[in-house]
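Asker: For reference, the file query_30.cif (mmCIF, C-alpha atoms) is included below:
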```
data_my_file
loop_
_atom_site.label_atom_id
_atom_site.label_comp_id
_atom_site.auth_asym_id
_atom_site.auth_seq_id
_atom_site.Cartn_x
_atom_site.Cartn_y
_atom_site.Cartn_z
CA MET A 162 -6.70 28.98 -40.83
CA ARG A 163 -9.15 28.86 -37.96
CA PRO A 164 -7.58 28.66 -34.47
CA SER A 165 -8.42 25.59 -32.43
CA PRO A 166 -11.10 26.15 -29.75
CA TYR A 167 -8.84 24.34 -27.26
CA LEU A 168 -6.08 26.82 -27.95
CA LEU A 169 -8.48 29.72 -27.49
CA LEU A 170 -9.70 28.17 -24.25
CA ALA A 171 -6.13 27.75 -23.01
CA VAL A 172 -5.25 31.35 -23.88
CA LEU A 173 -8.42 32.53 -22.12
CA ALA A 174 -7.63 30.43 -19.03
CA ILE A 175 -4.08 31.79 -18.83
CA GLY A 176 -5.32 35.32 -19.36
CA LEU A 177 -7.94 35.03 -16.64
CA SER A 178 -5.54 33.33 -14.24
CA ALA A 179 -3.52 36.55 -14.28
CA CYS A 180 -6.53 38.21 -12.63
CA SER A 181 -6.26 35.86 -9.65
CA PRO A 182 -5.69 37.76 -6.39
CA GLN A 183 -2.93 35.26 -5.57
CA LEU A 184 -0.97 36.53 -8.55
CA VAL A 185 -1.29 40.22 -7.85
CA ARG A 186 2.27 41.45 -7.63
CA VAL A 187 1.70 44.22 -5.07
CA LYS A 188 1.18 42.44 -1.77
CA PRO A 189 -1.21 43.86 0.84
CA TYR A 190 1.74 44.89 3.03
CA GLU A 191 3.34 46.77 0.13
CA ARG A 192 0.43 49.11 -0.48
CA GLY A 193 1.79 52.07 1.45
CA ASN A 194 2.13 54.24 -1.64
CA LEU A 195 -1.27 53.22 -2.96
CA ALA A 196 -2.81 54.22 0.38
CA LYS A 197 -1.53 57.80 0.17
CA PRO A 198 -4.27 60.46 -0.01
CA VAL A 199 -2.96 61.68 -3.36
CA MET A 200 -3.86 58.29 -4.86
CA THR A 201 -7.56 58.67 -4.11
CA HIS A 202 -10.00 59.39 -6.89
CA ASP A 203 -11.14 62.65 -5.32
CA SER A 204 -7.92 63.89 -3.83
CA ALA A 205 -8.86 67.53 -4.58
CA PRO A 206 -12.65 67.79 -4.00
CA LEU A 207 -12.72 71.60 -4.35
CA LEU A 208 -10.95 71.54 -7.70
CA GLU A 209 -13.16 68.72 -8.86
CA SER A 210 -16.40 70.49 -7.91
CA MET A 211 -15.23 73.71 -9.63
CA THR A 212 -14.31 71.82 -12.77
CA GLU A 213 -17.65 70.07 -12.72
CA HIS A 214 -19.48 73.35 -12.26
CA ALA A 215 -17.64 74.90 -15.22
CA TYR A 216 -18.35 71.83 -17.33
CA PHE A 217 -22.01 71.84 -16.37
CA SER A 218 -22.36 75.55 -17.20
CA ARG A 219 -20.61 75.15 -20.53
CA GLU A 220 -22.40 72.00 -21.61
CA ALA A 221 -25.82 72.75 -20.12
CA SER A 222 -27.55 72.51 -23.48
CA PHE A 223 -26.48 68.88 -23.66
CA GLY A 224 -27.57 68.15 -20.11
CA GLY A 225 -24.31 69.06 -18.39
CA GLY A 226 -22.71 66.15 -16.65
CA GLY A 227 -25.99 64.27 -16.27
CA VAL A 228 -28.28 62.48 -18.63
CA GLY A 229 -31.08 65.00 -18.62
CA GLY A 230 -32.38 66.85 -21.61
CA GLY A 231 -31.48 70.26 -22.91
CA GLY A 232 -31.00 73.46 -20.98
CA CYS A 233 -34.61 74.53 -21.42
CA GLY A 234 -35.57 73.34 -17.95
CA CYS A 235 -38.41 71.26 -19.35
CA ASN A 236 -37.24 67.99 -17.79
CA MET B 191 -2.35 19.41 -28.46
CA LYS B 192 -3.19 17.50 -25.28
CA SER B 193 0.39 17.67 -24.04
CA ILE B 194 0.51 21.43 -24.70
CA LEU B 195 -2.70 21.97 -22.75
CA SER B 196 -1.50 19.78 -19.87
CA THR B 197 1.78 21.68 -19.70
CA LEU B 198 -0.02 25.01 -19.69
CA ALA B 199 -2.45 23.87 -16.99
CA LEU B 200 0.43 22.58 -14.87
CA ALA B 201 2.35 25.83 -15.34
CA CYS B 202 -0.69 27.87 -14.30
CA SER B 203 -1.44 25.77 -11.23
CA THR B 204 2.22 25.75 -10.13
CA LEU B 205 2.39 29.52 -10.50
CA THR B 206 -0.79 29.98 -8.50
CA LEU B 207 0.27 27.59 -5.75
CA THR B 208 3.70 29.19 -5.45
CA ALA B 209 2.25 32.66 -5.28
CA ALA B 210 -0.38 31.67 -2.72
CA GLU B 211 2.04 30.13 -0.21
CA GLN B 212 1.15 31.23 3.31
CA PRO B 213 1.59 29.68 6.74
CA ALA B 214 -1.38 27.56 7.70
CA VAL B 215 -3.06 26.61 10.95
CA GLY B 216 -1.06 23.82 12.61
CA GLN B 217 2.24 25.01 11.20
CA ALA B 218 5.05 25.85 13.63
CA LEU B 219 5.88 29.51 14.12
CA PRO B 220 9.43 30.15 12.92
CA LYS B 221 11.87 31.94 15.21
CA LEU B 222 10.84 35.59 15.07
CA ALA B 223 14.42 36.63 15.84
CA GLU B 224 15.48 35.16 12.51
CA LEU B 225 12.73 36.95 10.60
CA LEU B 226 13.31 40.22 12.43
CA PRO B 227 17.08 40.52 12.84
CA GLY B 228 18.11 43.18 15.33
CA ALA B 229 14.62 43.65 16.77
CA LYS B 230 14.10 43.62 20.53
CA LEU B 231 11.65 40.79 21.02
CA PRO B 232 10.03 39.60 24.24
CA ALA B 233 10.53 36.06 25.54
CA THR B 234 7.88 33.84 24.00
CA THR B 235 8.87 30.37 25.20
CA GLY B 236 5.88 28.61 26.73
CA LYS B 237 3.58 31.56 26.09
CA LEU B 238 0.72 32.32 23.76
CA VAL B 239 1.90 34.67 21.04
CA LEU B 240 -0.24 36.97 18.96
CA VAL B 241 1.69 38.13 15.92
CA ASP B 242 -0.06 41.10 14.35
CA PHE B 243 0.90 42.72 11.04
CA TRP B 244 0.05 46.40 10.77
CA ALA B 245 1.05 49.57 8.93
CA SER B 246 0.66 53.26 9.70
CA TRP B 247 -1.24 53.82 6.43
CA CYS B 248 -3.79 51.11 7.22
CA ALA B 249 -6.94 52.48 8.91
CA PRO B 250 -8.27 49.10 10.17
CA CYS B 251 -4.85 48.46 11.73
CA GLU B 252 -5.15 51.70 13.67
CA ALA B 253 -8.66 50.69 14.75
CA SER B 254 -7.34 47.32 15.94
CA PHE B 255 -4.79 48.83 18.31
CA ALA B 256 -7.36 49.66 20.99
CA CYS B 257 -8.53 46.03 20.90
CA MET B 258 -4.95 44.75 21.09
CA GLY B 259 -4.36 47.01 24.06
CA ARG B 260 -7.36 45.57 25.89
CA LEU B 261 -6.25 42.01 25.09
CA GLN B 262 -2.80 42.83 26.43
CA GLU B 263 -4.33 44.23 29.61
CA LYS B 264 -6.61 41.24 30.08
CA PHE B 265 -4.31 38.36 29.15
CA ALA B 266 -0.67 39.46 29.55
CA ALA B 267 -0.54 38.24 33.15
CA LYS B 268 -1.99 34.90 32.07
CA GLY B 269 0.72 34.34 29.48
CA LEU B 270 -0.15 36.23 26.29
CA VAL B 271 2.56 38.07 24.39
CA ILE B 272 1.54 40.42 21.57
CA VAL B 273 4.08 41.28 18.92
CA GLY B 274 2.99 44.00 16.49
CA ILE B 275 5.04 43.89 13.31
CA GLY B 276 4.99 47.17 11.41
CA VAL B 277 5.59 46.89 7.69
CA ASP B 278 6.00 50.56 6.84
CA ASP B 279 8.65 51.28 4.23
CA GLU B 280 9.81 54.34 6.11
CA LEU B 281 11.06 54.08 9.67
CA ALA B 282 9.83 57.61 10.44
CA ASN B 283 6.23 56.60 9.70
CA PHE B 284 6.59 53.53 11.91
CA GLN B 285 8.02 55.60 14.75
CA ALA B 286 5.39 58.34 14.44
CA PHE B 287 2.59 55.78 14.55
CA ALA B 288 4.15 53.97 17.51
CA ALA B 289 4.59 57.27 19.36
CA LYS B 290 0.95 58.18 18.72
CA GLN B 291 -0.46 54.81 19.81
CA LYS B 292 1.92 54.11 22.71
CA PRO B 293 0.78 50.48 23.05
CA ALA B 294 1.66 48.40 26.08
CA PHE B 295 2.79 45.55 23.83
CA THR B 296 5.92 45.14 21.71
CA LEU B 297 6.16 46.80 18.32
CA VAL B 298 8.91 45.91 15.89
CA HIS B 299 9.73 47.28 12.46
CA ASP B 300 10.02 44.79 9.64
CA ALA B 301 12.20 47.09 7.57
CA ALA B 302 13.31 44.46 5.05
CA HIS B 303 9.84 42.85 4.88
CA LYS B 304 11.47 39.55 5.75
CA ALA B 305 8.75 38.56 8.22
CA ALA B 306 6.02 39.88 5.92
CA ALA B 307 7.42 37.86 3.03
CA PHE B 308 7.32 34.71 5.17
CA PHE B 309 3.83 35.20 6.59
CA ASN B 310 2.53 36.75 3.37
CA PRO B 311 -0.43 38.33 5.22
CA PRO B 312 -3.47 38.11 2.95
CA THR B 313 -4.80 41.46 4.07
CA MET B 314 -3.91 44.29 6.43
CA PRO B 315 -4.08 43.78 9.33
CA SER B 316 -3.56 40.04 9.67
CA SER B 317 -2.75 38.25 12.88
CA TYR B 318 -1.57 34.81 13.91
CA LEU B 319 -2.38 33.32 17.29
CA VAL B 320 0.25 30.82 18.36
CA ASP B 321 -0.16 28.31 21.20
CA ARG B 322 2.27 27.52 24.00
CA LYS B 323 3.90 24.80 21.90
CA GLY B 324 4.67 27.27 19.12
CA LYS B 325 2.02 26.18 16.64
CA ILE B 326 -0.13 28.62 14.70
CA ARG B 327 -3.68 27.89 15.83
CA PHE B 328 -5.79 30.77 14.54
CA ILE B 329 -5.36 33.21 11.69
CA HIS B 330 -7.31 36.47 11.57
CA LYS B 331 -7.67 38.26 8.28
CA GLY B 332 -8.58 41.91 8.70
CA PHE B 333 -10.16 43.60 11.69
CA LYS B 334 -13.94 43.66 11.97
CA LYS B 335 -14.24 45.96 14.98
CA ALA B 336 -16.82 44.74 17.51
CA SER B 337 -16.93 41.14 16.30
CA THR B 338 -13.18 40.53 16.30
CA GLU B 339 -12.42 41.17 19.96
CA PRO B 340 -14.78 38.49 21.36
CA GLU B 341 -13.31 36.06 18.83
CA TYR B 342 -9.79 36.78 20.07
CA SER B 343 -10.89 36.48 23.71
CA LYS B 344 -12.63 33.16 23.09
CA GLU B 345 -9.62 31.73 21.25
CA ILE B 346 -7.12 32.96 23.83
CA ASP B 347 -9.23 31.57 26.67
CA ALA B 348 -9.40 28.20 24.91
CA LEU B 349 -5.64 28.11 24.32
CA LEU B 350 -4.86 29.16 27.88
CA ALA B 351 -7.07 26.34 29.17
CA GLU B 352 -5.10 23.69 27.24
#
```
Using the file provided, produce a representation of the structure as structure tokens.
Answerer:
Amino acid sequence: MRPSPYLLLAVLAIGLSACSPQLVRVKPYERGNLAKPVMTHDSAPLLESMTEHAYFSREASFGGGGVGGGGCGCN
Amino acid sequence: MKSILSTLALACSTLTLTAAEQPAVGQALPKLAELLPGAKLPATTGKLVLVDFWASWCAPCEASFACMGRLQEKFAAKGLVIVGIGVDDELANFQAFAAKQKPAFTLVHDAAHKAAAFFNPPTMPSSYLVDRKGKIRFIHKGFKKASTEPEYSKEIDALLAE
């Protein structure tokens, strides 16, 4: 049985309405925990740069963390 | 099918409207003493009131304090009262921030988020400028540094002239 397009549309509308900023459950004044430094993407920049360096060294033949070519230095 | 869709649409719109409820311009300011039980509040009868929501973890709020201080200095004698409502979960953070800033205006801690739940500030900081008759006349969302202060001054001047 093929679902009705109206039903699909309704499901889509309800699903997207959940993305509305008015429906976000954490209010702006409740974001104290989210604002803590530990919640940032790069909370430990030194550790991150070391990990990236190790990854780059290990995977250099595939271009490391970038999109370049091999490790031959020809790019 | 039509009735199902109508019901779903109604449910969605009701949910959105309920969630989005916020005081609007023209609405009367409720008694702050009721929203902030136990807080030491200044007398606001017949005065302009600037209710400002802030938090210690909010960088723009910290940036706005210097502006609030200047507004206090410039307009307090003319009848402006600034009430900074801190929404920190922890009292220690509120107190540390207040001690660091040492503003000349009143700061109160909304420990139970009762005032915040009523005003439902759309962003941090948010402020509400209330006229002498107790009506909310201007709502500021966020703090945009240099451009915000002249806006406040212009609005306060206009309300004082009424």
Asker: Could the residues of chain A within 12 Å of chain B, counting all atoms listed in the file, be given as a PyMOL selection string, please?
Answerer: chain A and resi 165-198
Asker: Extract, using all atoms listed in the file, all DNA, RNA and protein residues at most 10 Å from Val298 of chain B, discarding same-chain residues fewer than 3 positions from it, and format them as a list in words.
Answerer: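 Skipping anything fewer than 3 positions along the chain leaves Leu226, Gly228, Ala229, Lys230, Leu231, Phe243, Val273, Gly274, Ile275, Gly276, Val277, Phe284, Gln285, Ala288 and Ala301 of chain B.
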Asker: May I have the residues within 10 Å of Lys334 of chain B as a PDB file with C-alpha atoms, in the frame of the given file, using all atoms listed in the file and disregarding those fewer than 5 positions away in the same chain?
Answerer:
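Final file, around.pdb:
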```pdb
ATOM      1  CA  PRO B 250      -8.270  49.100  10.170  1.00  0.00           C
ATOM      2  CA  ALA B 253      -8.660  50.690  14.750  1.00  0.00           C
ATOM      3  CA  SER B 254      -7.340  47.320  15.940  1.00  0.00           C
ATOM      4  CA  GLU B 339     -12.420  41.170  19.960  1.00  0.00           C
TER       5      GLU B 339
END
```
Asker: Enter the distance from atom CA of Ala336 of chain B to atom CA of Ser317 of chain B, in Å, rounded to one decimal.
Answerer: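 Separating atom CA of Ala336 of chain B from atom CA of Ser317 of chain B is a distance of 16.2 Å.
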Asker: Counting only C-alpha atoms, which residue out of B:Phe333, B:Val239, B:Ala289, B:Thr296 sits closest to Ile346 of chain B?
Answerer: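 Checking each candidate against Ile346 of chain B, we get B:Val239 as the closest.
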Asker: Considering all atoms listed in the file, can you say which of B:His299, B:Lys290, B:Arg322, B:Lys344 comes closest to Ala233 of chain B?
Answerer: B:Arg322
Asker: From the options B:Leu238, B:Leu319, B:Leu281, B:Ala286, which residue's atoms come nearest to Ala267 of chain B, counting only C-alpha atoms?
Answerer: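 The answer is B:Leu238, which sits nearest to Ala267 of chain B.
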